[in-house]
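To start, the structure under review is shown below, and the notes come after it.
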Amino acid sequence: MGNIKIHLQQWAVVLVMLSLLASCKSTSVVTDGTVDENVSAKSVIRNHYYNNLSFKTLSGRMKIEYQDGATSNSVNVSLRMEKDKAIWISAPLGIVKAYITPNRVSFYNKLDNEYFDGDFSYLSQLLGTDLDFNKVQSLLLGEALFDLRDQKYTVDIANNNYQLKPKKSGDLFKTLFQIEPQNYRMATQQLSQPWNKRLLEIQYKNYQKVSHWILPNKIEILALDGDNSNNIRLEFRNMEFNRALNFPYSIPNGFKEIALKEYGN
């Protein structure tokens, strides 16, 4: 039972992390995928934000694979979301359910009669960088975790992508972004603290077209913190936009509240 409990808690954390999608505009820039060696960093950044999405609801299924060096698991979950307002996720048989809003992260575990109701602090610990609603939704949509318009970047060509590096290195962490040339979505983004042996690397293996929207299809996440590593692979399936959805969720009576800090033990 102890191993089952730990695995369910890990899945609950991963489910929460999968949860936040939102966006801005529907007009997009699409090319034939050929890199322009004369393009400016400013142009790449402008097109990246020009290709933000716009939708009311999104629903479908996601496959999650999780490995931390000691355990390896895979599960399919149902996903429902209303942009900027609510995310509802359910594991098979409703054993674990999660409900997320911009100010709330909540899930419960029926097998152990436990629930959590809190914030993003553990996700920040899991991935080695401070996370909030905006960063998580950007991660899942193939958008930069930080606003690229806030500083100046150099642009190079790497792996047939546009690679952006800040002209002024950050004091707290180093960043690197690669943007694919066809839809100007993220190909890779890295955040690192070499002096603390911490790295967060997010790779977008491919994108899918759903109606006229471009969504990530497969995402691979590597989080290193010293000698500890977490690998998370996400795959979006059967996605549909703008269906009428409901979000049934309530923490059952009698469940015991749990603290996410317990998961790191």
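In the structure tokens, the first chain shown is A, the next is B, and so on; residue numbers restart at 1 for each chain, and ligands run from 1 in the order shown.
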Query raised in the report: Which polymer residues have any atom within 8 Å of an atom of range 113-121 of chain A, counting only C-alpha atoms, with same-chain residues fewer than 3 positions away left out, as a count of residues only?
Result: 21
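Proximity to Phe173 in chain A at 7 Å, evaluated using only C-alpha atoms and with sequence-adjacent residues fewer than 3 positions away removed, yields Gly170, Leu191, Ser192 and Gln193 of chain A.
Counting only C-alpha atoms, range 148-160 of chain A has the following residues at most 8 Å away, ignoring those fewer than 2 positions along the same chain: Thr34, Val35, Glu37, Ser40, Ala41, Lys42, Ile45, Ala144, Phe146, Tyr162, Gln163, Leu164, Lys165, Pro166, Lys167, Lys168, Gln178, Glu180 and Pro181 of chain A.
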For all heavy atoms, I'd like the residues from the last selection saved as a short mmCIF file (atom, residue, chain, number, x, y, z; two decimals), in the first residue's frame.
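result_39.cif, freshly written:
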```cif
data_model
loop_
_atom_site.label_atom_id
_atom_site.label_comp_id
_atom_site.auth_asym_id
_atom_site.auth_seq_id
_atom_site.Cartn_x
_atom_site.Cartn_y
_atom_site.Cartn_z
N THR A 34 11.43 26.82 -43.24
CA THR A 34 12.81 27.12 -43.59
C THR A 34 13.32 28.29 -42.75
O THR A 34 12.64 29.31 -42.65
CB THR A 34 12.95 27.47 -45.08
OG1 THR A 34 12.45 26.39 -45.86
CG2 THR A 34 14.40 27.75 -45.43
N VAL A 35 14.49 28.13 -42.13
CA VAL A 35 15.02 29.20 -41.31
C VAL A 35 15.54 30.34 -42.19
O VAL A 35 16.04 30.12 -43.30
CB VAL A 35 16.15 28.70 -40.38
CG1 VAL A 35 15.61 27.70 -39.38
CG2 VAL A 35 17.28 28.09 -41.19
N GLU A 37 18.31 33.04 -42.25
CA GLU A 37 19.56 33.36 -41.58
C GLU A 37 19.73 34.85 -41.34
O GLU A 37 20.61 35.26 -40.58
CB GLU A 37 20.74 32.80 -42.37
CG GLU A 37 20.75 31.27 -42.45
CD GLU A 37 21.97 30.73 -43.15
OE1 GLU A 37 22.78 31.55 -43.64
OE2 GLU A 37 22.13 29.50 -43.20
N SER A 40 15.98 38.87 -37.57
CA SER A 40 16.41 39.52 -36.34
C SER A 40 15.76 38.85 -35.13
O SER A 40 14.69 38.24 -35.23
CB SER A 40 16.03 41.01 -36.36
OG SER A 40 14.61 41.15 -36.32
N ALA A 41 16.39 38.97 -33.97
CA ALA A 41 15.81 38.44 -32.74
C ALA A 41 14.46 39.10 -32.46
O ALA A 41 13.51 38.44 -32.03
CB ALA A 41 16.77 38.65 -31.58
N LYS A 42 14.36 40.38 -32.73
CA LYS A 42 13.12 41.10 -32.50
C LYS A 42 11.98 40.53 -33.33
O LYS A 42 10.85 40.39 -32.86
CB LYS A 42 13.32 42.59 -32.81
CG LYS A 42 12.11 43.45 -32.51
CD LYS A 42 12.42 44.92 -32.77
CE LYS A 42 11.21 45.80 -32.45
NZ LYS A 42 11.51 47.24 -32.70
N ILE A 45 10.88 37.06 -31.93
CA ILE A 45 10.09 37.24 -30.70
C ILE A 45 8.70 37.77 -31.04
O ILE A 45 7.70 37.31 -30.49
CB ILE A 45 10.83 38.18 -29.74
CG1 ILE A 45 12.11 37.48 -29.23
CG2 ILE A 45 9.94 38.58 -28.58
CD1 ILE A 45 13.04 38.40 -28.46
N ALA A 144 7.22 30.73 -24.37
CA ALA A 144 8.34 31.00 -23.48
C ALA A 144 7.86 31.16 -22.04
O ALA A 144 6.84 31.80 -21.78
CB ALA A 144 9.07 32.26 -23.93
N PHE A 146 9.30 32.91 -19.80
CA PHE A 146 9.48 34.30 -19.42
C PHE A 146 9.14 35.18 -20.62
O PHE A 146 9.28 34.77 -21.76
CB PHE A 146 10.92 34.55 -18.97
CG PHE A 146 11.32 33.78 -17.75
CD1 PHE A 146 11.90 32.54 -17.88
CD2 PHE A 146 11.08 34.29 -16.48
CE1 PHE A 146 12.27 31.81 -16.76
CE2 PHE A 146 11.45 33.58 -15.36
CZ PHE A 146 12.04 32.34 -15.48
N TYR A 162 15.53 28.83 -34.48
CA TYR A 162 16.08 30.11 -34.06
C TYR A 162 16.43 30.01 -32.57
O TYR A 162 15.56 29.74 -31.74
CB TYR A 162 15.06 31.23 -34.28
CG TYR A 162 14.65 31.41 -35.72
CD1 TYR A 162 13.33 31.21 -36.12
CD2 TYR A 162 15.59 31.77 -36.69
CE1 TYR A 162 12.95 31.38 -37.45
CE2 TYR A 162 15.21 31.94 -38.02
CZ TYR A 162 13.90 31.73 -38.39
OH TYR A 162 13.53 31.89 -39.71
N GLN A 163 17.69 30.22 -32.25
CA GLN A 163 18.13 30.12 -30.87
C GLN A 163 18.35 31.52 -30.29
O GLN A 163 19.11 32.31 -30.83
CB GLN A 163 19.43 29.32 -30.76
CG GLN A 163 19.94 29.16 -29.34
CD GLN A 163 21.01 28.10 -29.24
OE1 GLN A 163 20.74 26.90 -29.25
NE2 GLN A 163 22.27 28.53 -29.15
N LEU A 164 17.69 31.79 -29.19
CA LEU A 164 17.76 33.09 -28.54
C LEU A 164 18.51 32.98 -27.22
O LEU A 164 18.22 32.11 -26.40
CB LEU A 164 16.36 33.64 -28.27
CG LEU A 164 15.44 33.85 -29.48
CD1 LEU A 164 14.04 34.24 -29.02
CD2 LEU A 164 16.01 34.92 -30.41
N LYS A 165 19.48 33.87 -27.03
CA LYS A 165 20.19 33.99 -25.76
C LYS A 165 20.15 35.45 -25.32
O LYS A 165 20.31 36.35 -26.14
CB LYS A 165 21.65 33.54 -25.90
CG LYS A 165 21.84 32.05 -26.12
CD LYS A 165 23.32 31.71 -26.15
CE LYS A 165 23.54 30.22 -26.33
NZ LYS A 165 25.00 29.90 -26.36
N PRO A 166 19.91 35.69 -24.03
CA PRO A 166 19.88 37.09 -23.57
C PRO A 166 21.25 37.75 -23.70
O PRO A 166 22.28 37.11 -23.44
CB PRO A 166 19.45 36.96 -22.10
CG PRO A 166 19.78 35.56 -21.71
CD PRO A 166 19.63 34.73 -22.96
N LYS A 167 21.26 39.01 -24.11
CA LYS A 167 22.53 39.73 -24.23
C LYS A 167 23.17 39.94 -22.87
O LYS A 167 24.40 39.96 -22.75
CB LYS A 167 22.30 41.08 -24.93
CG LYS A 167 21.95 40.96 -26.40
CD LYS A 167 21.86 42.32 -27.06
CE LYS A 167 21.64 42.19 -28.57
NZ LYS A 167 21.56 43.51 -29.24
N LYS A 168 22.34 40.07 -21.85
CA LYS A 168 22.84 40.23 -20.48
C LYS A 168 22.43 39.00 -19.68
O LYS A 168 21.26 38.71 -19.52
CB LYS A 168 22.26 41.50 -19.85
CG LYS A 168 22.78 41.75 -18.44
CD LYS A 168 22.20 43.04 -17.88
CE LYS A 168 22.72 43.27 -16.47
NZ LYS A 168 22.15 44.52 -15.87
N GLN A 178 14.93 27.98 -27.98
CA GLN A 178 14.94 27.67 -29.40
C GLN A 178 13.50 27.67 -29.90
O GLN A 178 12.63 27.02 -29.32
CB GLN A 178 15.59 26.31 -29.67
CG GLN A 178 17.09 26.30 -29.44
CD GLN A 178 17.74 25.00 -29.87
OE1 GLN A 178 17.10 24.14 -30.48
NE2 GLN A 178 19.02 24.86 -29.58
N GLU A 180 10.97 27.04 -33.17
CA GLU A 180 10.91 26.39 -34.49
C GLU A 180 10.36 27.38 -35.53
O GLU A 180 9.53 28.23 -35.21
CB GLU A 180 10.09 25.09 -34.42
CG GLU A 180 8.70 25.21 -33.81
CD GLU A 180 7.68 25.59 -34.87
OE1 GLU A 180 7.98 25.50 -36.06
OE2 GLU A 180 6.58 25.99 -34.46
N PRO A 181 10.84 27.30 -36.77
CA PRO A 181 10.55 28.35 -37.75
C PRO A 181 9.20 28.26 -38.45
O PRO A 181 8.81 29.21 -39.12
CB PRO A 181 11.69 28.17 -38.77
CG PRO A 181 12.02 26.71 -38.70
CD PRO A 181 11.83 26.33 -37.26
#
```
Report task. Skip range 70-78 of chain A itself and residues of its chain fewer than 5 positions away, then list as a VMD selection string all residues within 6 Å of it, counting only C-alpha atoms. Result -> chain A and resid 61 to 65 89 to 91
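In this model, the gap between CA of Thr188 in chain A and CA of Lys205 in chain A comes to 8.9 Å.
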Requested in this report: Considering only C-alpha atoms, return as a list in words whatever protein or nucleic-acid residues lie within 12 Å of Asp227 in chain A, sequence-local ones (same chain, fewer than 2 positions apart) excluded.
Outcome: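 Once the adjacent positions are removed, what remains is Asp68, Gly69, Asn196, Lys197, Arg198, Leu199, Ala223, Leu224, Asp225, Ser229 and Asn230 of chain A.
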Any chance you could export the current selection's N, CA and C atoms as an mmCIF file, in the first residue's frame?
```
data_model
loop_
_atom_site.group_PDB
_atom_site.id
_atom_site.type_symbol
_atom_site.label_atom_id
_atom_site.label_comp_id
_atom_site.auth_asym_id
_atom_site.auth_seq_id
_atom_site.Cartn_x
_atom_site.Cartn_y
_atom_site.Cartn_z
ATOM 1 N N ASP A 68 11.512 9.052 -12.007
ATOM 2 C CA ASP A 68 12.367 9.824 -11.109
ATOM 3 C C ASP A 68 13.630 9.084 -10.711
ATOM 4 N N GLY A 69 13.965 8.038 -11.432
ATOM 5 C CA GLY A 69 15.150 7.255 -11.109
ATOM 6 C C GLY A 69 14.827 6.042 -10.270
ATOM 7 N N ASN A 196 24.342 25.785 -8.744
ATOM 8 C CA ASN A 196 23.554 24.953 -7.830
ATOM 9 C C ASN A 196 23.234 23.586 -8.427
ATOM 10 N N LYS A 197 23.799 23.303 -9.602
ATOM 11 C CA LYS A 197 23.553 22.041 -10.310
ATOM 12 C C LYS A 197 22.059 21.819 -10.535
ATOM 13 N N ARG A 198 21.381 22.861 -11.020
ATOM 14 C CA ARG A 198 19.950 22.773 -11.288
ATOM 15 C C ARG A 198 19.687 23.093 -12.756
ATOM 16 N N LEU A 199 18.818 22.309 -13.374
ATOM 17 C CA LEU A 199 18.486 22.501 -14.788
ATOM 18 C C LEU A 199 17.035 22.109 -15.022
ATOM 19 N N ALA A 223 14.060 17.691 -15.272
ATOM 20 C CA ALA A 223 14.389 18.558 -14.146
ATOM 21 C C ALA A 223 15.509 17.913 -13.341
ATOM 22 N N LEU A 224 16.652 18.608 -13.245
ATOM 23 C CA LEU A 224 17.799 18.124 -12.478
ATOM 24 C C LEU A 224 18.019 19.043 -11.289
ATOM 25 N N ASP A 225 18.236 18.456 -10.142
ATOM 26 C CA ASP A 225 18.550 19.201 -8.926
ATOM 27 C C ASP A 225 19.607 18.409 -8.175
ATOM 28 N N SER A 229 16.822 13.637 -10.326
ATOM 29 C CA SER A 229 16.268 13.963 -11.640
ATOM 30 C C SER A 229 14.830 13.491 -11.742
ATOM 31 N N ASN A 230 14.026 14.255 -12.468
ATOM 32 C CA ASN A 230 12.651 13.890 -12.791
ATOM 33 C C ASN A 230 12.468 14.021 -14.295
#
```
List every residue of range 76-147 of chain A that DSSP, applied to the backbone of this structure, places in strand (DSSP E or B), and write the result as a tab-separated table (two decimals) with all heavy atoms, in the first residue's frame.
```
chain	number	residue	atom	x	y	z
A	76	ASN	N	-3.14	7.43	-18.46
A	76	ASN	CA	-3.94	8.31	-19.31
A	76	ASN	C	-4.96	9.03	-18.44
A	76	ASN	O	-5.57	8.42	-17.55
A	76	ASN	CB	-4.66	7.50	-20.39
A	76	ASN	CG	-3.70	6.92	-21.41
A	76	ASN	OD1	-3.07	7.66	-22.15
A	76	ASN	ND2	-3.59	5.61	-21.44
A	77	VAL	N	-5.15	10.31	-18.70
A	77	VAL	CA	-6.10	11.10	-17.92
A	77	VAL	C	-7.05	11.84	-18.84
A	77	VAL	O	-6.73	12.12	-20.00
A	77	VAL	CB	-5.36	12.11	-17.00
A	77	VAL	CG1	-4.43	11.39	-16.04
A	77	VAL	CG2	-4.59	13.14	-17.82
A	78	SER	N	-8.21	12.17	-18.32
A	78	SER	CA	-9.17	13.03	-19.02
A	78	SER	C	-8.92	14.47	-18.61
A	78	SER	O	-8.60	14.76	-17.46
A	78	SER	CB	-10.60	12.63	-18.66
A	78	SER	OG	-10.87	11.31	-19.08
A	79	LEU	N	-9.08	15.37	-19.57
A	79	LEU	CA	-8.82	16.79	-19.34
A	79	LEU	C	-10.00	17.63	-19.81
A	79	LEU	O	-10.51	17.42	-20.91
A	79	LEU	CB	-7.56	17.21	-20.09
A	79	LEU	CG	-7.31	18.71	-20.22
A	79	LEU	CD1	-6.95	19.32	-18.88
A	79	LEU	CD2	-6.22	18.98	-21.24
A	80	ARG	N	-10.43	18.56	-18.98
A	80	ARG	CA	-11.39	19.58	-19.38
A	80	ARG	C	-10.89	20.92	-18.86
A	80	ARG	O	-10.42	21.00	-17.73
A	80	ARG	CB	-12.78	19.32	-18.79
A	80	ARG	CG	-13.39	17.98	-19.15
A	80	ARG	CD	-14.70	17.77	-18.40
A	80	ARG	NE	-15.23	16.43	-18.60
A	80	ARG	CZ	-16.33	15.96	-18.01
A	80	ARG	NH1	-17.00	16.73	-17.17
A	80	ARG	NH2	-16.72	14.72	-18.26
A	81	MET	N	-11.00	21.95	-19.67
A	81	MET	CA	-10.59	23.26	-19.19
A	81	MET	C	-11.39	24.38	-19.83
A	81	MET	O	-11.85	24.27	-20.97
A	81	MET	CB	-9.10	23.47	-19.41
A	81	MET	CG	-8.66	23.54	-20.85
A	81	MET	SD	-6.88	23.84	-20.96
A	81	MET	CE	-6.27	22.34	-20.21
A	82	GLU	N	-11.56	25.43	-19.06
A	82	GLU	CA	-12.12	26.68	-19.55
A	82	GLU	C	-11.04	27.74	-19.41
A	82	GLU	O	-10.50	27.94	-18.32
A	82	GLU	CB	-13.36	27.09	-18.77
A	82	GLU	CG	-14.02	28.34	-19.30
A	82	GLU	CD	-15.31	28.68	-18.57
A	82	GLU	OE1	-15.66	27.97	-17.61
A	82	GLU	OE2	-15.96	29.68	-18.96
A	86	ALA	N	-10.82	27.49	-15.21
A	86	ALA	CA	-10.91	26.21	-14.52
A	86	ALA	C	-10.28	25.09	-15.33
A	86	ALA	O	-10.41	25.04	-16.55
A	86	ALA	CB	-12.37	25.86	-14.23
A	87	ILE	N	-9.58	24.21	-14.61
A	87	ILE	CA	-9.00	23.00	-15.19
A	87	ILE	C	-9.47	21.82	-14.36
A	87	ILE	O	-9.40	21.84	-13.13
A	87	ILE	CB	-7.47	23.03	-15.15
A	87	ILE	CG1	-6.93	24.33	-15.74
A	87	ILE	CG2	-6.90	21.81	-15.86
A	87	ILE	CD1	-7.17	24.52	-17.19
A	88	TRP	N	-9.97	20.79	-15.04
A	88	TRP	CA	-10.48	19.58	-14.38
A	88	TRP	C	-9.78	18.38	-14.99
A	88	TRP	O	-9.77	18.21	-16.21
A	88	TRP	CB	-11.98	19.49	-14.59
A	88	TRP	CG	-12.69	18.31	-14.00
A	88	TRP	CD1	-13.32	18.24	-12.80
A	88	TRP	CD2	-12.92	17.04	-14.64
A	88	TRP	NE1	-13.91	17.01	-12.63
A	88	TRP	CE2	-13.68	16.25	-13.75
A	88	TRP	CE3	-12.55	16.50	-15.88
A	88	TRP	CZ2	-14.07	14.95	-14.06
A	88	TRP	CZ3	-12.92	15.19	-16.18
A	88	TRP	CH2	-13.69	14.44	-15.27
A	89	ILE	N	-9.14	17.55	-14.15
A	89	ILE	CA	-8.40	16.40	-14.61
A	89	ILE	C	-8.80	15.18	-13.80
A	89	ILE	O	-8.95	15.26	-12.57
A	89	ILE	CB	-6.88	16.63	-14.47
A	89	ILE	CG1	-6.45	17.81	-15.34
A	89	ILE	CG2	-6.09	15.40	-14.89
A	89	ILE	CD1	-5.03	18.25	-15.11
A	90	SER	N	-8.99	14.05	-14.47
A	90	SER	CA	-9.40	12.83	-13.77
A	90	SER	C	-8.58	11.65	-14.26
A	90	SER	O	-8.49	11.38	-15.45
A	90	SER	CB	-10.89	12.56	-14.00
A	90	SER	OG	-11.29	11.37	-13.35
A	96	VAL	N	-7.89	9.66	-8.71
A	96	VAL	CA	-7.32	10.97	-8.41
A	96	VAL	C	-8.00	11.99	-9.31
A	96	VAL	O	-8.10	11.78	-10.51
A	96	VAL	CB	-5.80	11.00	-8.64
A	96	VAL	CG1	-5.26	12.41	-8.45
A	96	VAL	CG2	-5.10	10.04	-7.70
A	97	LYS	N	-8.49	13.07	-8.72
A	97	LYS	CA	-9.04	14.18	-9.49
A	97	LYS	C	-8.35	15.47	-9.07
A	97	LYS	O	-7.96	15.63	-7.92
A	97	LYS	CB	-10.55	14.30	-9.28
A	97	LYS	CG	-11.37	13.31	-10.08
A	97	LYS	CD	-12.85	13.65	-10.02
A	97	LYS	CE	-13.67	12.69	-10.87
A	97	LYS	NZ	-15.11	13.04	-10.86
A	98	ALA	N	-8.21	16.37	-10.02
A	98	ALA	CA	-7.59	17.66	-9.75
A	98	ALA	C	-8.47	18.77	-10.30
A	98	ALA	O	-9.11	18.62	-11.34
A	98	ALA	CB	-6.21	17.73	-10.37
A	99	TYR	N	-8.52	19.87	-9.56
A	99	TYR	CA	-9.26	21.06	-9.99
A	99	TYR	C	-8.36	22.26	-9.73
A	99	TYR	O	-7.91	22.49	-8.60
A	99	TYR	CB	-10.56	21.17	-9.22
A	99	TYR	CG	-11.40	22.36	-9.63
A	99	TYR	CD1	-12.10	22.35	-10.83
A	99	TYR	CD2	-11.50	23.50	-8.82
A	99	TYR	CE1	-12.88	23.43	-11.21
A	99	TYR	CE2	-12.29	24.57	-9.20
A	99	TYR	CZ	-12.97	24.54	-10.40
A	99	TYR	OH	-13.74	25.61	-10.78
A	100	ILE	N	-8.10	23.03	-10.77
A	100	ILE	CA	-7.13	24.11	-10.68
A	100	ILE	C	-7.74	25.41	-11.18
A	100	ILE	O	-8.42	25.43	-12.21
A	100	ILE	CB	-5.86	23.78	-11.49
A	100	ILE	CG1	-5.23	22.50	-10.97
A	100	ILE	CG2	-4.86	24.92	-11.44
A	100	ILE	CD1	-5.62	21.28	-11.77
A	101	THR	N	-7.48	26.48	-10.46
A	101	THR	CA	-7.80	27.83	-10.91
A	101	THR	C	-6.52	28.65	-10.78
A	101	THR	O	-5.53	28.17	-10.22
A	101	THR	CB	-8.92	28.44	-10.06
A	101	THR	OG1	-8.44	28.65	-8.72
A	101	THR	CG2	-10.15	27.54	-10.03
A	104	ARG	N	-5.70	28.55	-7.09
A	104	ARG	CA	-5.94	27.34	-6.31
A	104	ARG	C	-5.44	26.11	-7.04
A	104	ARG	O	-5.66	25.96	-8.24
A	104	ARG	CB	-7.43	27.19	-6.03
A	104	ARG	CG	-7.81	25.96	-5.21
A	104	ARG	CD	-9.31	25.79	-5.17
A	104	ARG	NE	-9.73	24.66	-4.36
A	104	ARG	CZ	-10.95	24.11	-4.41
A	104	ARG	NH1	-11.86	24.62	-5.24
A	104	ARG	NH2	-11.26	23.09	-3.64
A	105	VAL	N	-4.78	25.23	-6.32
A	105	VAL	CA	-4.38	23.92	-6.81
A	105	VAL	C	-4.96	22.90	-5.85
A	105	VAL	O	-4.60	22.87	-4.67
A	105	VAL	CB	-2.85	23.78	-6.87
A	105	VAL	CG1	-2.46	22.36	-7.27
A	105	VAL	CG2	-2.25	24.79	-7.85
A	106	SER	N	-5.87	22.06	-6.32
A	106	SER	CA	-6.56	21.13	-5.43
A	106	SER	C	-6.67	19.76	-6.09
A	106	SER	O	-6.91	19.67	-7.29
A	106	SER	CB	-7.95	21.65	-5.07
A	106	SER	OG	-8.61	20.78	-4.18
A	107	PHE	N	-6.49	18.70	-5.31
A	107	PHE	CA	-6.75	17.36	-5.81
A	107	PHE	C	-7.11	16.47	-4.64
A	107	PHE	O	-6.83	16.77	-3.48
A	107	PHE	CB	-5.56	16.78	-6.58
A	107	PHE	CG	-4.33	16.56	-5.74
A	107	PHE	CD1	-4.18	15.39	-4.99
A	107	PHE	CD2	-3.31	17.48	-5.74
A	107	PHE	CE1	-3.04	15.17	-4.23
A	107	PHE	CE2	-2.16	17.28	-4.99
A	107	PHE	CZ	-2.02	16.12	-4.23
A	108	TYR	N	-7.75	15.34	-4.93
A	108	TYR	CA	-7.99	14.34	-3.89
A	108	TYR	C	-7.71	12.94	-4.42
A	108	TYR	O	-7.72	12.68	-5.62
A	108	TYR	CB	-9.40	14.44	-3.32
A	108	TYR	CG	-10.54	14.16	-4.27
A	108	TYR	CD1	-10.92	12.86	-4.62
A	108	TYR	CD2	-11.29	15.21	-4.81
A	108	TYR	CE1	-11.97	12.61	-5.48
A	108	TYR	CE2	-12.35	14.97	-5.67
A	108	TYR	CZ	-12.69	13.67	-5.99
A	108	TYR	OH	-13.75	13.43	-6.84
A	109	ASN	N	-7.44	12.04	-3.47
A	109	ASN	CA	-7.02	10.68	-3.74
A	109	ASN	C	-8.00	9.75	-3.03
A	109	ASN	O	-7.99	9.64	-1.80
A	109	ASN	CB	-5.59	10.50	-3.22
A	109	ASN	CG	-5.10	9.07	-3.27
A	109	ASN	OD1	-5.86	8.15	-3.57
A	109	ASN	ND2	-3.84	8.87	-2.97
A	114	GLU	N	-7.44	11.05	0.97
A	114	GLU	CA	-6.64	12.23	1.26
A	114	GLU	C	-6.90	13.31	0.21
A	114	GLU	O	-7.33	13.02	-0.90
A	114	GLU	CB	-5.15	11.88	1.27
A	114	GLU	CG	-4.76	10.93	2.40
A	114	GLU	CD	-3.28	10.59	2.35
A	114	GLU	OE1	-2.72	10.55	1.23
A	114	GLU	OE2	-2.70	10.36	3.42
A	115	TYR	N	-6.61	14.55	0.58
A	115	TYR	CA	-6.76	15.65	-0.38
A	115	TYR	C	-5.69	16.70	-0.12
A	115	TYR	O	-5.09	16.77	0.97
A	115	TYR	CB	-8.15	16.29	-0.26
A	115	TYR	CG	-8.33	17.20	0.93
A	115	TYR	CD1	-8.10	18.57	0.84
A	115	TYR	CD2	-8.75	16.69	2.16
A	115	TYR	CE1	-8.27	19.40	1.93
A	115	TYR	CE2	-8.93	17.51	3.26
A	115	TYR	CZ	-8.68	18.87	3.15
A	115	TYR	OH	-8.83	19.70	4.23
A	116	PHE	N	-5.45	17.52	-1.15
A	116	PHE	CA	-4.56	18.68	-1.03
A	116	PHE	C	-5.28	19.90	-1.57
A	116	PHE	O	-5.99	19.82	-2.59
A	116	PHE	CB	-3.26	18.47	-1.80
A	116	PHE	CG	-2.41	19.71	-1.87
A	116	PHE	CD1	-1.64	20.09	-0.79
A	116	PHE	CD2	-2.41	20.51	-3.01
A	116	PHE	CE1	-0.87	21.24	-0.83
A	116	PHE	CE2	-1.64	21.67	-3.06
A	116	PHE	CZ	-0.87	22.03	-1.98
A	117	ASP	N	-5.08	21.03	-0.94
A	117	ASP	CA	-5.67	22.28	-1.39
A	117	ASP	C	-4.66	23.39	-1.09
A	117	ASP	O	-4.49	23.77	0.07
A	117	ASP	CB	-6.99	22.54	-0.65
A	117	ASP	CG	-7.92	23.45	-1.42
A	117	ASP	OD1	-7.64	23.72	-2.60
A	117	ASP	OD2	-8.93	23.89	-0.84
A	118	GLY	N	-3.95	23.87	-2.12
A	118	GLY	CA	-2.89	24.83	-1.86
A	118	GLY	C	-2.44	25.58	-3.10
A	118	GLY	O	-3.25	25.97	-3.93
```
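The spacing separating CA of Asp112 in chain A from CA of Asn231 in chain A amounts to 25.3 Å.
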Query raised in the report: Which of these residues is nearest to Gln190 in chain A, using only C-alpha atoms: A:Asn161, A:Asn217, A:Thr129, A:Asn242?
Result: A:Thr129
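If you look at CA of Asn38 in chain A and CA of Asn52 in chain A, they are 23.6 Å away from each other.
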